[in-house]
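Participant: For reference, the file query_33.csv (CSV, C-alpha atoms) is included below:
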chain,number,residue,atom,x,y,z
A,15,MET,CA,38.1,-11.7,22.0
A,16,ALA,CA,37.0,-15.2,22.8
A,17,LEU,CA,33.5,-16.3,21.8
A,18,PRO,CA,31.2,-17.1,24.8
A,19,VAL,CA,30.6,-20.8,25.4
A,20,GLU,CA,27.1,-21.6,26.6
A,21,GLU,CA,25.1,-24.7,26.7
A,22,LEU,CA,23.0,-25.3,23.6
A,23,ARG,CA,19.3,-25.3,23.9
A,24,ARG,CA,17.3,-28.2,22.4
A,25,GLY,CA,15.1,-25.7,20.5
A,26,TYR,CA,12.8,-26.8,17.8
A,27,ASP,CA,13.6,-29.4,15.2
A,28,VAL,CA,13.5,-28.3,11.6
A,29,ASP,CA,10.0,-29.6,10.9
A,30,GLU,CA,8.6,-27.9,14.0
A,31,ASN,CA,10.3,-24.7,12.9
A,32,ALA,CA,8.9,-24.9,9.4
A,33,ASN,CA,5.5,-25.6,10.8
A,34,ARG,CA,5.6,-22.4,12.8
A,35,PHE,CA,6.9,-20.3,10.0
A,36,SER,CA,4.1,-21.7,7.8
A,37,ASN,CA,1.5,-20.5,10.2
A,38,TYR,CA,3.1,-17.1,10.3
A,39,PHE,CA,3.1,-17.0,6.5
A,40,HIS,CA,-0.6,-17.9,6.2
A,41,LEU,CA,-1.7,-15.2,8.7
A,42,LEU,CA,0.6,-12.5,7.3
A,43,ARG,CA,-0.5,-13.3,3.7
A,44,GLU,CA,-4.1,-12.9,4.6
A,45,LEU,CA,-3.4,-9.7,6.5
A,46,VAL,CA,-1.7,-8.1,3.5
A,47,HIS,CA,-4.4,-9.2,1.1
A,48,LEU,CA,-7.3,-7.9,3.3
A,49,SER,CA,-5.5,-4.7,4.3
A,50,CYS,CA,-5.0,-3.9,0.6
A,51,GLY,CA,-8.7,-4.5,0.1
A,52,TRP,CA,-10.0,-2.4,2.9
A,53,LEU,CA,-7.4,0.5,2.8
A,54,PRO,CA,-9.4,2.6,0.2
A,55,LEU,CA,-12.5,2.3,2.4
A,56,VAL,CA,-10.7,3.7,5.5
A,57,GLY,CA,-11.7,7.4,5.7
A,58,ASP,CA,-9.5,8.6,8.5
A,59,PHE,CA,-6.2,9.7,7.0
A,60,GLU,CA,-4.0,8.8,9.9
A,61,LEU,CA,-5.6,5.3,10.1
A,62,LYS,CA,-5.2,4.9,6.3
A,63,TYR,CA,-1.5,6.0,6.5
A,64,ARG,CA,-0.8,3.5,9.3
A,65,LEU,CA,-2.5,0.7,7.5
A,66,GLY,CA,-0.4,1.3,4.4
A,67,ASP,CA,2.8,1.5,6.5
A,68,HIS,CA,1.9,-1.8,8.2
A,69,LEU,CA,0.9,-3.8,5.1
A,70,HIS,CA,4.2,-2.8,3.6
A,71,ASP,CA,6.0,-4.1,6.7
A,72,ASP,CA,4.0,-7.3,6.5
A,73,ALA,CA,4.7,-7.8,2.8
A,74,ARG,CA,8.5,-7.5,3.4
A,75,SER,CA,8.1,-9.9,6.3
A,76,ILE,CA,6.4,-12.5,4.1
A,77,SER,CA,9.3,-12.4,1.7
A,78,LYS,CA,11.7,-13.2,4.6
A,79,VAL,CA,9.5,-15.9,5.9
A,80,ARG,CA,9.2,-17.5,2.5
A,81,ARG,CA,13.0,-17.4,2.3
A,82,ARG,CA,13.4,-19.1,5.7
A,83,LEU,CA,11.0,-21.8,4.7
A,84,TYR,CA,13.1,-22.4,1.6
A,85,GLU,CA,16.2,-22.7,3.7
A,86,LEU,CA,14.6,-25.1,6.2
A,87,ARG,CA,12.8,-27.5,3.9
A,88,HIS,CA,13.4,-27.3,0.2
A,89,PRO,CA,12.0,-29.0,-1.7
A,90,SER,CA,8.9,-29.6,0.3
A,91,GLU,CA,5.2,-28.9,0.6
A,92,TYR,CA,5.7,-26.1,3.1
A,93,PRO,CA,3.9,-23.7,3.8
A,94,GLY,CA,1.0,-26.0,2.6
A,95,ALA,CA,-2.4,-24.8,3.6
A,96,PRO,CA,-3.7,-23.5,7.0
A,97,GLY,CA,-5.2,-26.1,9.3
A,98,GLU,CA,-8.8,-26.0,10.6
A,99,GLU,CA,-8.2,-23.7,13.6
A,100,LEU,CA,-6.3,-21.0,11.6
A,101,THR,CA,-8.8,-21.3,8.8
A,102,VAL,CA,-11.6,-20.4,11.2
A,103,LEU,CA,-9.7,-17.2,12.2
A,104,LEU,CA,-8.9,-16.3,8.6
A,105,ASP,CA,-12.5,-16.9,7.5
A,106,ARG,CA,-13.8,-14.6,10.3
A,107,MET,CA,-11.4,-11.9,9.2
A,108,ASN,CA,-12.7,-12.2,5.6
A,109,ALA,CA,-16.3,-11.9,6.9
A,110,ALA,CA,-15.7,-8.4,8.3
A,111,GLY,CA,-18.5,-6.1,7.3
A,112,SER,CA,-16.7,-2.8,7.5
A,113,ALA,CA,-13.2,-1.4,7.5
A,114,ASP,CA,-13.5,-0.7,11.3
A,115,GLU,CA,-14.5,-4.3,11.9
A,116,TYR,CA,-11.6,-5.6,9.9
A,117,VAL,CA,-9.1,-3.4,11.6
A,118,ALA,CA,-10.4,-4.3,15.0
A,119,MET,CA,-10.1,-8.0,14.3
A,120,ALA,CA,-6.7,-7.7,12.6
A,121,TYR,CA,-5.1,-5.6,15.4
A,122,GLY,CA,-7.2,-6.8,18.3
A,123,GLU,CA,-6.8,-10.6,17.7
A,124,ALA,CA,-4.7,-11.7,14.7
A,125,LYS,CA,-1.6,-9.6,15.3
A,126,PRO,CA,-1.6,-10.2,19.1
A,127,LEU,CA,-1.8,-13.9,18.4
A,128,LEU,CA,1.2,-13.6,16.1
A,129,ILE,CA,3.1,-11.6,18.7
A,130,GLU,CA,2.5,-14.3,21.4
A,131,ALA,CA,3.6,-17.1,19.0
A,132,ILE,CA,6.8,-15.3,18.0
A,133,ARG,CA,7.7,-14.7,21.7
A,134,MET,CA,7.2,-18.4,22.4
A,135,HIS,CA,9.3,-19.2,19.4
A,136,LEU,CA,12.1,-16.9,20.5
A,137,ASP,CA,12.1,-18.3,24.1
A,138,ARG,CA,12.7,-21.8,22.9
A,139,LEU,CA,14.8,-21.7,19.8
A,140,ASP,CA,18.6,-22.3,19.9
A,141,PRO,CA,20.2,-18.9,19.3
A,142,VAL,CA,23.3,-20.4,17.5
A,143,SER,CA,22.1,-23.3,15.3
A,144,ASP,CA,18.9,-21.4,14.5
A,145,GLU,CA,20.3,-17.8,14.5
A,146,PRO,CA,18.8,-17.0,11.1
A,147,SER,CA,15.3,-17.6,12.7
A,148,LEU,CA,16.4,-15.6,15.7
A,149,ARG,CA,17.2,-12.5,13.6
A,150,LEU,CA,14.2,-12.8,11.4
A,151,LEU,CA,11.8,-13.3,14.3
A,152,SER,CA,13.3,-10.5,16.4
A,153,GLN,CA,12.6,-8.0,13.6
A,154,LEU,CA,9.2,-9.4,12.9
A,155,LEU,CA,8.3,-9.2,16.6
A,156,ALA,CA,9.4,-5.5,16.8
A,157,ARG,CA,7.3,-4.6,13.8
A,158,GLN,CA,4.2,-6.4,15.0
A,159,GLU,CA,4.4,-4.8,18.5
A,160,ARG,CA,4.7,-1.4,16.9
A,161,HIS,CA,1.7,-2.1,14.7
A,162,VAL,CA,-0.5,-3.1,17.7
A,163,GLU,CA,0.7,-0.2,19.8
A,164,GLU,CA,-0.3,2.2,17.1
A,165,PHE,CA,-3.8,0.7,17.1
A,166,ALA,CA,-4.0,0.3,20.9
A,167,VAL,CA,-7.5,1.9,21.2
A,168,LEU,CA,-9.1,-0.3,18.5
A,169,SER,CA,-7.4,-3.3,20.0
A,170,SER,CA,-8.8,-2.7,23.5
A,171,GLN,CA,-12.2,-2.2,22.0
A,172,PHE,CA,-12.1,-5.5,20.2
A,173,SER,CA,-10.7,-7.5,23.2
A,174,GLU,CA,-13.9,-6.7,25.1
A,175,ARG,CA,-15.9,-8.9,22.7
A,176,GLY,CA,-14.3,-12.1,23.8
A,177,THR,CA,-13.3,-14.7,21.2
A,178,GLU,CA,-12.3,-18.4,21.2
A,179,ARG,CA,-8.6,-18.3,22.2
A,180,ILE,CA,-5.7,-19.9,20.2
A,181,GLU,CA,-3.0,-20.7,22.7
A,182,ASP,CA,-0.1,-21.0,20.3
A,183,LEU,CA,-0.6,-19.9,16.7
A,184,GLY,CA,2.8,-21.3,15.6
A,185,ALA,CA,2.0,-24.8,16.9
A,186,LEU,CA,-1.3,-25.1,14.9
A,187,PRO,CA,-1.3,-28.0,12.4
A,188,ILE,CA,-0.9,-27.2,8.7
A,189,ARG,CA,-2.0,-29.3,5.8
A,190,LEU,CA,1.0,-30.0,3.7
A,191,LYS,CA,-0.7,-31.9,0.9
A,192,ALA,CA,-3.7,-29.6,0.5
A,193,GLU,CA,-4.3,-27.1,-2.3
A,194,PRO,CA,-3.2,-23.5,-1.4
A,195,ARG,CA,-5.9,-21.5,0.3
A,196,PRO,CA,-7.7,-19.2,-2.2
A,197,LEU,CA,-7.7,-15.5,-1.3
A,198,ARG,CA,-11.2,-14.0,-1.4
A,199,VAL,CA,-11.5,-10.8,-3.4
A,200,MET,CA,-13.9,-8.2,-2.1
A,201,SER,CA,-16.5,-6.5,-4.3
A,202,PRO,CA,-15.3,-3.8,-6.7
A,203,LEU,CA,-15.3,-0.3,-5.2
A,204,ASP,CA,-17.7,2.5,-6.1
A,205,VAL,CA,-15.6,5.2,-4.6
A,206,PRO,CA,-12.9,5.4,-1.9
A,207,ALA,CA,-13.4,7.1,1.5
A,208,ARG,CA,-12.1,10.4,2.9
A,209,ASP,CA,-12.2,12.0,6.3
A,210,ASP,CA,-15.7,13.0,7.3
A,211,PHE,CA,-14.7,16.7,7.2
A,212,VAL,CA,-13.5,16.6,3.6
A,213,GLU,CA,-16.0,17.8,1.0
A,214,VAL,CA,-16.3,15.5,-2.1
A,215,THR,CA,-17.9,17.0,-5.2
A,216,GLU,CA,-18.1,16.2,-8.9
A,217,GLU,CA,-16.1,19.3,-9.8
A,218,GLY,CA,-13.4,19.1,-7.1
A,219,ASP,CA,-11.4,22.3,-6.4
A,220,PRO,CA,-12.2,24.8,-9.2
A,221,PHE,CA,-9.1,26.8,-8.2
A,222,LEU,CA,-6.9,24.2,-9.8
A,223,ALA,CA,-6.2,25.1,-13.5
A,224,ASP,CA,-5.2,22.7,-16.2
A,225,GLU,CA,-1.9,24.6,-16.7
A,226,LEU,CA,-0.6,23.0,-13.5
A,227,TYR,CA,-0.7,19.6,-15.1
A,228,VAL,CA,0.6,20.0,-18.7
A,229,ASN,CA,4.1,18.9,-19.7
A,230,ASP,CA,4.8,21.8,-22.0
A,231,PRO,CA,7.4,24.3,-20.7
A,232,GLU,CA,5.6,27.1,-22.5
A,233,LEU,CA,2.3,26.3,-20.9
A,234,ASN,CA,3.0,24.6,-17.6
A,235,HIS,CA,2.5,26.8,-14.5
A,236,VAL,CA,4.3,26.2,-11.3
A,237,PRO,CA,2.4,27.4,-8.2
A,238,ILE,CA,4.6,30.1,-6.5
A,239,GLU,CA,2.1,32.3,-4.7
A,240,PRO,CA,0.8,31.4,-1.2
A,241,GLU,CA,-2.9,31.1,-2.2
A,242,GLU,CA,-2.3,28.9,-5.2
A,243,GLN,CA,0.2,26.7,-3.3
A,244,ARG,CA,-2.4,26.1,-0.6
A,245,HIS,CA,-4.9,24.8,-3.2
A,246,PHE,CA,-2.2,22.9,-5.2
A,247,PHE,CA,-0.7,20.9,-2.3
A,248,HIS,CA,-4.2,20.1,-1.0
A,249,GLY,CA,-5.0,18.7,-4.3
A,250,LEU,CA,-1.7,16.9,-4.4
A,251,MET,CA,-2.4,15.2,-1.1
A,252,ASP,CA,-5.6,13.9,-2.5
A,253,ALA,CA,-3.8,12.7,-5.6
A,254,GLU,CA,-1.4,10.7,-3.4
A,255,LEU,CA,-4.3,9.1,-1.6
A,256,THR,CA,-5.8,8.1,-4.9
A,257,ALA,CA,-2.6,6.6,-6.0
A,258,ALA,CA,-2.2,4.5,-2.8
A,259,GLU,CA,-5.8,3.3,-3.1
A,260,LEU,CA,-5.3,2.2,-6.7
A,261,MET,CA,-2.1,0.3,-5.9
A,262,ALA,CA,-3.6,-1.4,-2.9
A,263,ARG,CA,-6.6,-2.5,-4.9
A,264,ASN,CA,-4.3,-3.7,-7.7
A,265,SER,CA,-2.7,-6.1,-5.2
A,266,HIS,CA,-6.0,-7.2,-3.6
A,267,GLU,CA,-8.0,-7.8,-6.8
A,268,TYR,CA,-5.3,-9.8,-8.6
A,269,PRO,CA,-4.0,-12.3,-6.0
A,270,GLN,CA,-2.8,-14.6,-8.7
A,271,MET,CA,0.0,-12.3,-9.7
A,272,PRO,CA,3.6,-13.3,-8.7
A,273,TRP,CA,4.5,-12.5,-5.1
A,274,ASP,CA,7.1,-9.8,-6.2
A,275,PHE,CA,4.2,-7.9,-7.7
A,276,HIS,CA,2.4,-7.7,-4.4
A,277,VAL,CA,5.6,-6.5,-2.7
A,278,ASP,CA,6.0,-3.8,-5.4
A,279,MET,CA,2.3,-2.7,-4.9
A,280,ALA,CA,2.7,-2.7,-1.1
A,281,ARG,CA,5.8,-0.5,-1.4
A,282,GLN,CA,4.2,1.9,-3.8
A,283,THR,CA,1.1,2.1,-1.6
A,284,TRP,CA,3.3,3.1,1.3
A,285,ASP,CA,5.3,5.5,-0.8
A,286,GLU,CA,2.1,7.3,-2.0
A,287,LEU,CA,0.8,7.5,1.6
A,288,ARG,CA,4.2,8.9,2.8
A,289,HIS,CA,3.9,11.6,0.1
A,290,ALA,CA,0.4,12.4,1.3
A,291,LYS,CA,1.8,12.7,4.9
A,292,VAL,CA,4.4,15.1,3.6
A,293,HIS,CA,1.7,17.4,2.2
A,294,TYR,CA,-0.5,16.9,5.3
A,295,MET,CA,2.4,18.2,7.4
A,296,LEU,CA,3.5,20.9,4.9
A,297,MET,CA,0.1,22.6,4.7
A,298,PRO,CA,-0.3,23.8,8.3
A,299,THR,CA,3.4,24.4,8.9
A,300,GLU,CA,4.4,26.3,5.7
A,301,LEU,CA,1.3,27.2,3.8
A,302,GLY,CA,-1.3,28.2,6.3
A,303,CYS,CA,-4.0,25.7,5.4
A,304,ARG,CA,-5.1,22.2,6.4
A,305,TRP,CA,-6.3,19.0,4.9
A,306,GLY,CA,-10.0,19.4,4.3
A,307,ASP,CA,-10.0,23.1,3.6
A,308,TYR,CA,-10.9,22.6,-0.1
A,309,PRO,CA,-13.1,20.1,-2.0
A,310,VAL,CA,-11.8,17.0,-3.8
A,311,THR,CA,-13.3,14.8,-6.5
A,312,PHE,CA,-13.1,11.1,-7.2
A,313,SER,CA,-13.4,11.6,-11.0
A,314,TYR,CA,-9.8,10.6,-11.7
A,315,PHE,CA,-9.9,7.6,-9.4
A,316,LYS,CA,-13.0,6.3,-11.2
A,317,SER,CA,-11.5,6.9,-14.6
A,318,ILE,CA,-8.4,4.7,-13.8
A,319,TYR,CA,-10.1,2.1,-11.6
A,320,ALA,CA,-12.6,1.3,-14.3
A,321,HIS,CA,-9.8,-0.5,-16.2
A,322,ASP,CA,-8.4,-3.9,-15.6
A,323,LEU,CA,-4.9,-4.3,-14.1
A,324,LEU,CA,-3.1,-3.9,-17.5
A,325,GLY,CA,-5.0,-0.7,-18.2
A,326,ARG,CA,-4.4,0.7,-14.7
A,327,LEU,CA,-0.6,0.1,-15.0
A,328,ALA,CA,-0.5,1.7,-18.5
A,329,LEU,CA,-2.6,4.7,-17.6
A,330,PHE,CA,-1.3,5.3,-14.1
A,331,ASN,CA,2.2,4.0,-13.6
A,332,SER,CA,3.3,4.4,-17.2
A,333,THR,CA,1.5,7.6,-18.0
A,334,SER,CA,0.5,9.6,-14.9
A,335,GLU,CA,3.6,8.7,-12.9
A,336,GLN,CA,5.9,9.1,-15.9
A,337,LYS,CA,4.6,12.5,-16.9
A,338,ALA,CA,4.6,13.7,-13.2
A,339,MET,CA,8.4,13.2,-13.2
A,340,TRP,CA,8.9,16.1,-15.6
A,341,ARG,CA,6.6,18.4,-13.7
A,342,HIS,CA,8.2,17.5,-10.3
A,343,SER,CA,11.6,18.3,-11.8
A,344,ARG,CA,10.4,21.7,-13.2
A,345,ARG,CA,8.6,22.6,-9.9
A,346,ARG,CA,11.7,21.9,-7.9
A,347,GLU,CA,13.8,24.0,-10.3
A,348,VAL,CA,11.5,27.0,-10.3
A,349,LEU,CA,10.8,27.0,-6.5
A,350,THR,CA,14.6,26.7,-5.8
A,351,GLU,CA,15.3,29.7,-8.0
A,352,ARG,CA,12.7,31.7,-6.0
A,353,GLY,CA,14.3,30.8,-2.7
A,354,GLN,CA,11.5,28.4,-1.6
A,355,GLU,CA,14.0,25.6,-0.8
A,356,LYS,CA,11.8,23.7,1.8
A,357,VAL,CA,8.9,23.4,-0.6
A,358,ALA,CA,11.2,22.6,-3.5
A,359,MET,CA,12.7,19.7,-1.5
A,360,VAL,CA,9.4,18.0,-1.4
A,361,PHE,CA,9.5,17.5,-5.2
A,362,ASP,CA,13.1,16.2,-4.9
A,363,TYR,CA,11.9,13.1,-3.1
A,364,LEU,CA,8.7,12.8,-5.0
A,365,LEU,CA,10.7,12.6,-8.2
A,366,ALA,CA,13.1,10.0,-6.8
A,367,ASP,CA,10.1,7.8,-5.8
A,368,GLU,CA,8.4,8.1,-9.1
A,369,VAL,CA,11.2,6.3,-10.9
A,370,PRO,CA,10.5,2.8,-9.4
A,371,HIS,CA,6.8,3.5,-9.7
A,372,VAL,CA,7.2,3.9,-13.5
A,373,HIS,CA,9.3,0.8,-13.5
A,374,ASN,CA,6.4,-1.1,-11.8
A,375,GLY,CA,4.2,-0.3,-14.8
A,376,ALA,CA,6.8,-1.5,-17.4
A,377,ARG,CA,7.7,-4.6,-15.5
A,378,TRP,CA,4.3,-5.9,-14.6
A,379,GLY,CA,2.6,-4.6,-17.8
A,380,ALA,CA,5.0,-6.6,-19.9
A,381,HIS,CA,4.5,-9.6,-17.6
A,382,LEU,CA,0.8,-9.5,-18.3
A,383,LEU,CA,1.6,-9.6,-22.1
A,384,ASP,CA,3.8,-12.7,-21.8
A,385,GLY,CA,6.9,-10.6,-21.3
A,386,ASP,CA,6.5,-8.6,-24.5
A,387,GLU,CA,7.8,-5.2,-23.6
A,388,ALA,CA,7.2,-3.8,-27.1
A,389,ALA,CA,3.5,-4.8,-27.0
A,390,TYR,CA,3.1,-3.1,-23.7
A,391,ARG,CA,4.7,0.1,-25.0
A,392,ARG,CA,2.3,0.0,-28.0
A,393,MET,CA,-0.6,-0.4,-25.6
A,394,VAL,CA,0.5,2.6,-23.5
A,395,ARG,CA,0.7,4.7,-26.7
A,396,GLU,CA,-2.8,3.7,-27.7
A,397,LEU,CA,-4.3,4.4,-24.4
A,398,ARG,CA,-2.6,7.8,-24.2
A,399,GLU,CA,-4.4,8.8,-27.4
A,400,GLY,CA,-7.6,9.0,-25.4
A,401,LEU,CA,-6.1,11.5,-22.9
A,402,ASP,CA,-6.0,15.3,-23.1
A,403,GLU,CA,-2.9,17.4,-22.5
A,404,THR,CA,-3.3,17.1,-18.7
A,405,GLY,CA,-3.6,13.3,-18.7
A,406,ALA,CA,-7.4,13.2,-18.1
A,407,PRO,CA,-9.6,11.1,-20.4
A,408,ARG,CA,-11.0,13.3,-23.1
A,409,ALA,CA,-14.5,11.8,-22.7
A,410,GLN,CA,-14.7,13.1,-19.2
A,411,ALA,CA,-14.6,16.7,-20.3
A,412,VAL,CA,-17.9,16.0,-22.1
A,413,GLU,CA,-19.6,13.5,-19.7
A,414,GLU,CA,-18.7,15.1,-16.4
A,415,PRO,CA,-19.6,18.7,-15.7
A,416,GLY,CA,-16.7,20.9,-14.5
A,417,VAL,CA,-14.0,18.4,-15.3
A,418,GLY,CA,-12.8,20.2,-18.4
A,419,ALA,CA,-12.4,23.4,-16.3
A,420,GLY,CA,-10.0,21.6,-14.0
A,421,GLY,CA,-12.3,19.6,-11.8
A,422,SER,CA,-10.6,16.3,-12.1
A,423,THR,CA,-7.1,17.8,-11.6
A,424,THR,CA,-7.3,17.5,-7.9
A,425,SER,CA,-6.5,13.8,-8.3
A,426,ARG,CA,-3.5,14.4,-10.6
A,427,ARG,CA,0.0,15.5,-10.0
Spit out the file's structure as structure tokens when you get a sec.
Facilitator:
Amino acid sequence: MALPVEELRRGYDVDENANRFSNYFHLLRELVHLSCGWLPLVGDFELKYRLGDHLHDDARSISKVRRRLYELRHPSEYPGAPGEELTVLLDRMNAAGSADEYVAMAYGEAKPLLIEAIRMHLDRLDPVSDEPSLRLLSQLLARQERHVEEFAVLSSQFSERGTERIEDLGALPIRLKAEPRPLRVMSPLDVPARDDFVEVTEEGDPFLADELYVNDPELNHVPIEPEEQRHFFHGLMDAELTAAELMARNSHEYPQMPWDFHVDMARQTWDELRHAKVHYMLMPTELGCRWGDYPVTFSYFKSIYAHDLLGRLALFNSTSEQKAMWRHSRRREVLTERGQEKVAMVFDYLLADEVPHVHNGARWGAHLLDGDEAAYRRMVRELREGLDETGAPRAQAVEEPGVGAGGSTTSRR
């Protein structure tokens, strides 16, 4: 079959193209950074889930934009630093005073500007000589349109405010010789947010016994009866939310880490929120309960979040996630034997996802210790000495009422 012969478009020259991709990079990088910062403070589960899904999309898109800039102009100063007009927009996004305000600005102004610029880019580029850009931008456009569509209500609310309009985001000047724009880190968290109808207590759900979370085949208990499964999966959903919030904050609070780290944290954030969505759907359809039926606690979140990045990776990725793999495998086996295949299948996919999560801990923990994997393993062993058989800090059992009786287990898996 003969190739079609059409007149070539003039399109953009290489520098114009690189300039446009640089502006996309700066906006997307700020969106990922700020979304990771605000995600734990979004209470509404459906909104939290979408934000995690979108920041993962955007992190992957940044990797592709970086690659395209490398292809267009390497070596060079691209993407440089954002120019004055884009800096004003980014500064306003950083000045948001609440999660709702940030989301409204991100989805009501920033992403629509990006969509318009990409459409202009696609209308003018030559589809043959610049086909790599065509393919990348077509995917990026579809993702951004989906993001804005899913936040349509918030976007319409924000559009009523009226803002100074940027006609073409891609055409804005960039500063090639300037220092990279520093990413502002938000204040440390006290606690994350949950839906308004979810009760948060110091003790959490007292129904959840320690035997659910030990890795001893003689002591571990797999929930098989309807009532205990209702409590267990409710607690498991909250544990997944806790995991997503920790990973998002890891990315936000340590912007100096290599870009691949932020991609890994974005993926794990999305993974954990997908897991939470699975439990959110399983509870009313299979178990006869719903999210919010039982209390939750932030004790486990606070015990992990109190550490620096190295400690979080060691205690969460290399301990909590690693130990959960054995329990997920056992739960799958026991439930399958009892004919509960649909519930058992949940653990099949949870187990598969835990493997790269554990690898994230080993990879980036060693990175923080100058690549010394042995030193990281030693640190993990030392930190584990301060944990009880369920993985909770031993000190909590004394300092926090109810935790020793299972209170903190609603945030473990």
Participant: Find the distance between CA of Tyr84 (chain A) and CA of Leu186 (chain A) and write it in Å to one decimal.
Facilitator: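 Atom-to-atom, CA of Tyr84 (chain A) and CA of Leu186 (chain A) are spaced 19.8 Å apart.
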Participant: Just checking: using all atoms listed in the file, which residue out of A:Gly111, A:Gly302, A:Gly218, A:Pro194 ends up closest to Gln243 (chain A)?
Facilitator: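 Of A:Gly111, A:Gly302, A:Gly218, A:Pro194, the one nearest Gln243 (chain A) is A:Gly302, counting all atoms listed in the file.
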Participant: Figure out the distance between CA of Asn234 (chain A) and CA of Val360 (chain A), please, to one decimal in Å.
Facilitator: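 Value for the CA of Val360 (chain A)-CA of Asn234 (chain A) distance: 18.6 Å.
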Participant: Can you tell me, as a list in words, what residues are no more than 12 Å from Tyr268 (chain A) when counting all atoms listed in the file, ignoring any on the same chain fewer than 6 positions away?
Facilitator: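 Returned residues: His47, Cys50, Gly51, Pro196, Leu197, Arg198, Val199, Met200, Pro202, Met261, Ala262, Phe275, His276, Met279, Asp322, Leu323, Leu324, Trp378 and Leu382 of chain A.
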Participant: Output C-alpha atoms for every residue in the selection just made, as an mmCIF file, keeping the file's coordinate frame.
Facilitator:
data_model
loop_
_atom_site.group_PDB
_atom_site.id
_atom_site.type_symbol
_atom_site.label_atom_id
_atom_site.label_comp_id
_atom_site.auth_asym_id
_atom_site.auth_seq_id
_atom_site.Cartn_x
_atom_site.Cartn_y
_atom_site.Cartn_z
ATOM 1 C CA HIS A 47 -4.400 -9.200 1.100
ATOM 2 C CA CYS A 50 -5.000 -3.900 0.600
ATOM 3 C CA GLY A 51 -8.700 -4.500 0.100
ATOM 4 C CA PRO A 196 -7.700 -19.200 -2.200
ATOM 5 C CA LEU A 197 -7.700 -15.500 -1.300
ATOM 6 C CA ARG A 198 -11.200 -14.000 -1.400
ATOM 7 C CA VAL A 199 -11.500 -10.800 -3.400
ATOM 8 C CA MET A 200 -13.900 -8.200 -2.100
ATOM 9 C CA PRO A 202 -15.300 -3.800 -6.700
ATOM 10 C CA MET A 261 -2.100 0.300 -5.900
ATOM 11 C CA ALA A 262 -3.600 -1.400 -2.900
ATOM 12 C CA PHE A 275 4.200 -7.900 -7.700
ATOM 13 C CA HIS A 276 2.400 -7.700 -4.400
ATOM 14 C CA MET A 279 2.300 -2.700 -4.900
ATOM 15 C CA ASP A 322 -8.400 -3.900 -15.600
ATOM 16 C CA LEU A 323 -4.900 -4.300 -14.100
ATOM 17 C CA LEU A 324 -3.100 -3.900 -17.500
ATOM 18 C CA TRP A 378 4.300 -5.900 -14.600
ATOM 19 C CA LEU A 382 0.800 -9.500 -18.300
#
Participant: Please check which residues have atoms at most 9 Å from (4.2, 28.2, 1.9) in the file's coordinates, counting only C-alpha atoms, and write them as a VMD selection string.
Facilitator: chain A and resid 238 to 241 243 to 244 296 to 302 354 356 to 357
Participant: Of the candidates A:Val102, A:Leu222, A:Leu53, A:Met107, which one gets nearest to Arg179 (chain A) if we count all atoms listed in the file?
Facilitator: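 Closest candidate: A:Val102.
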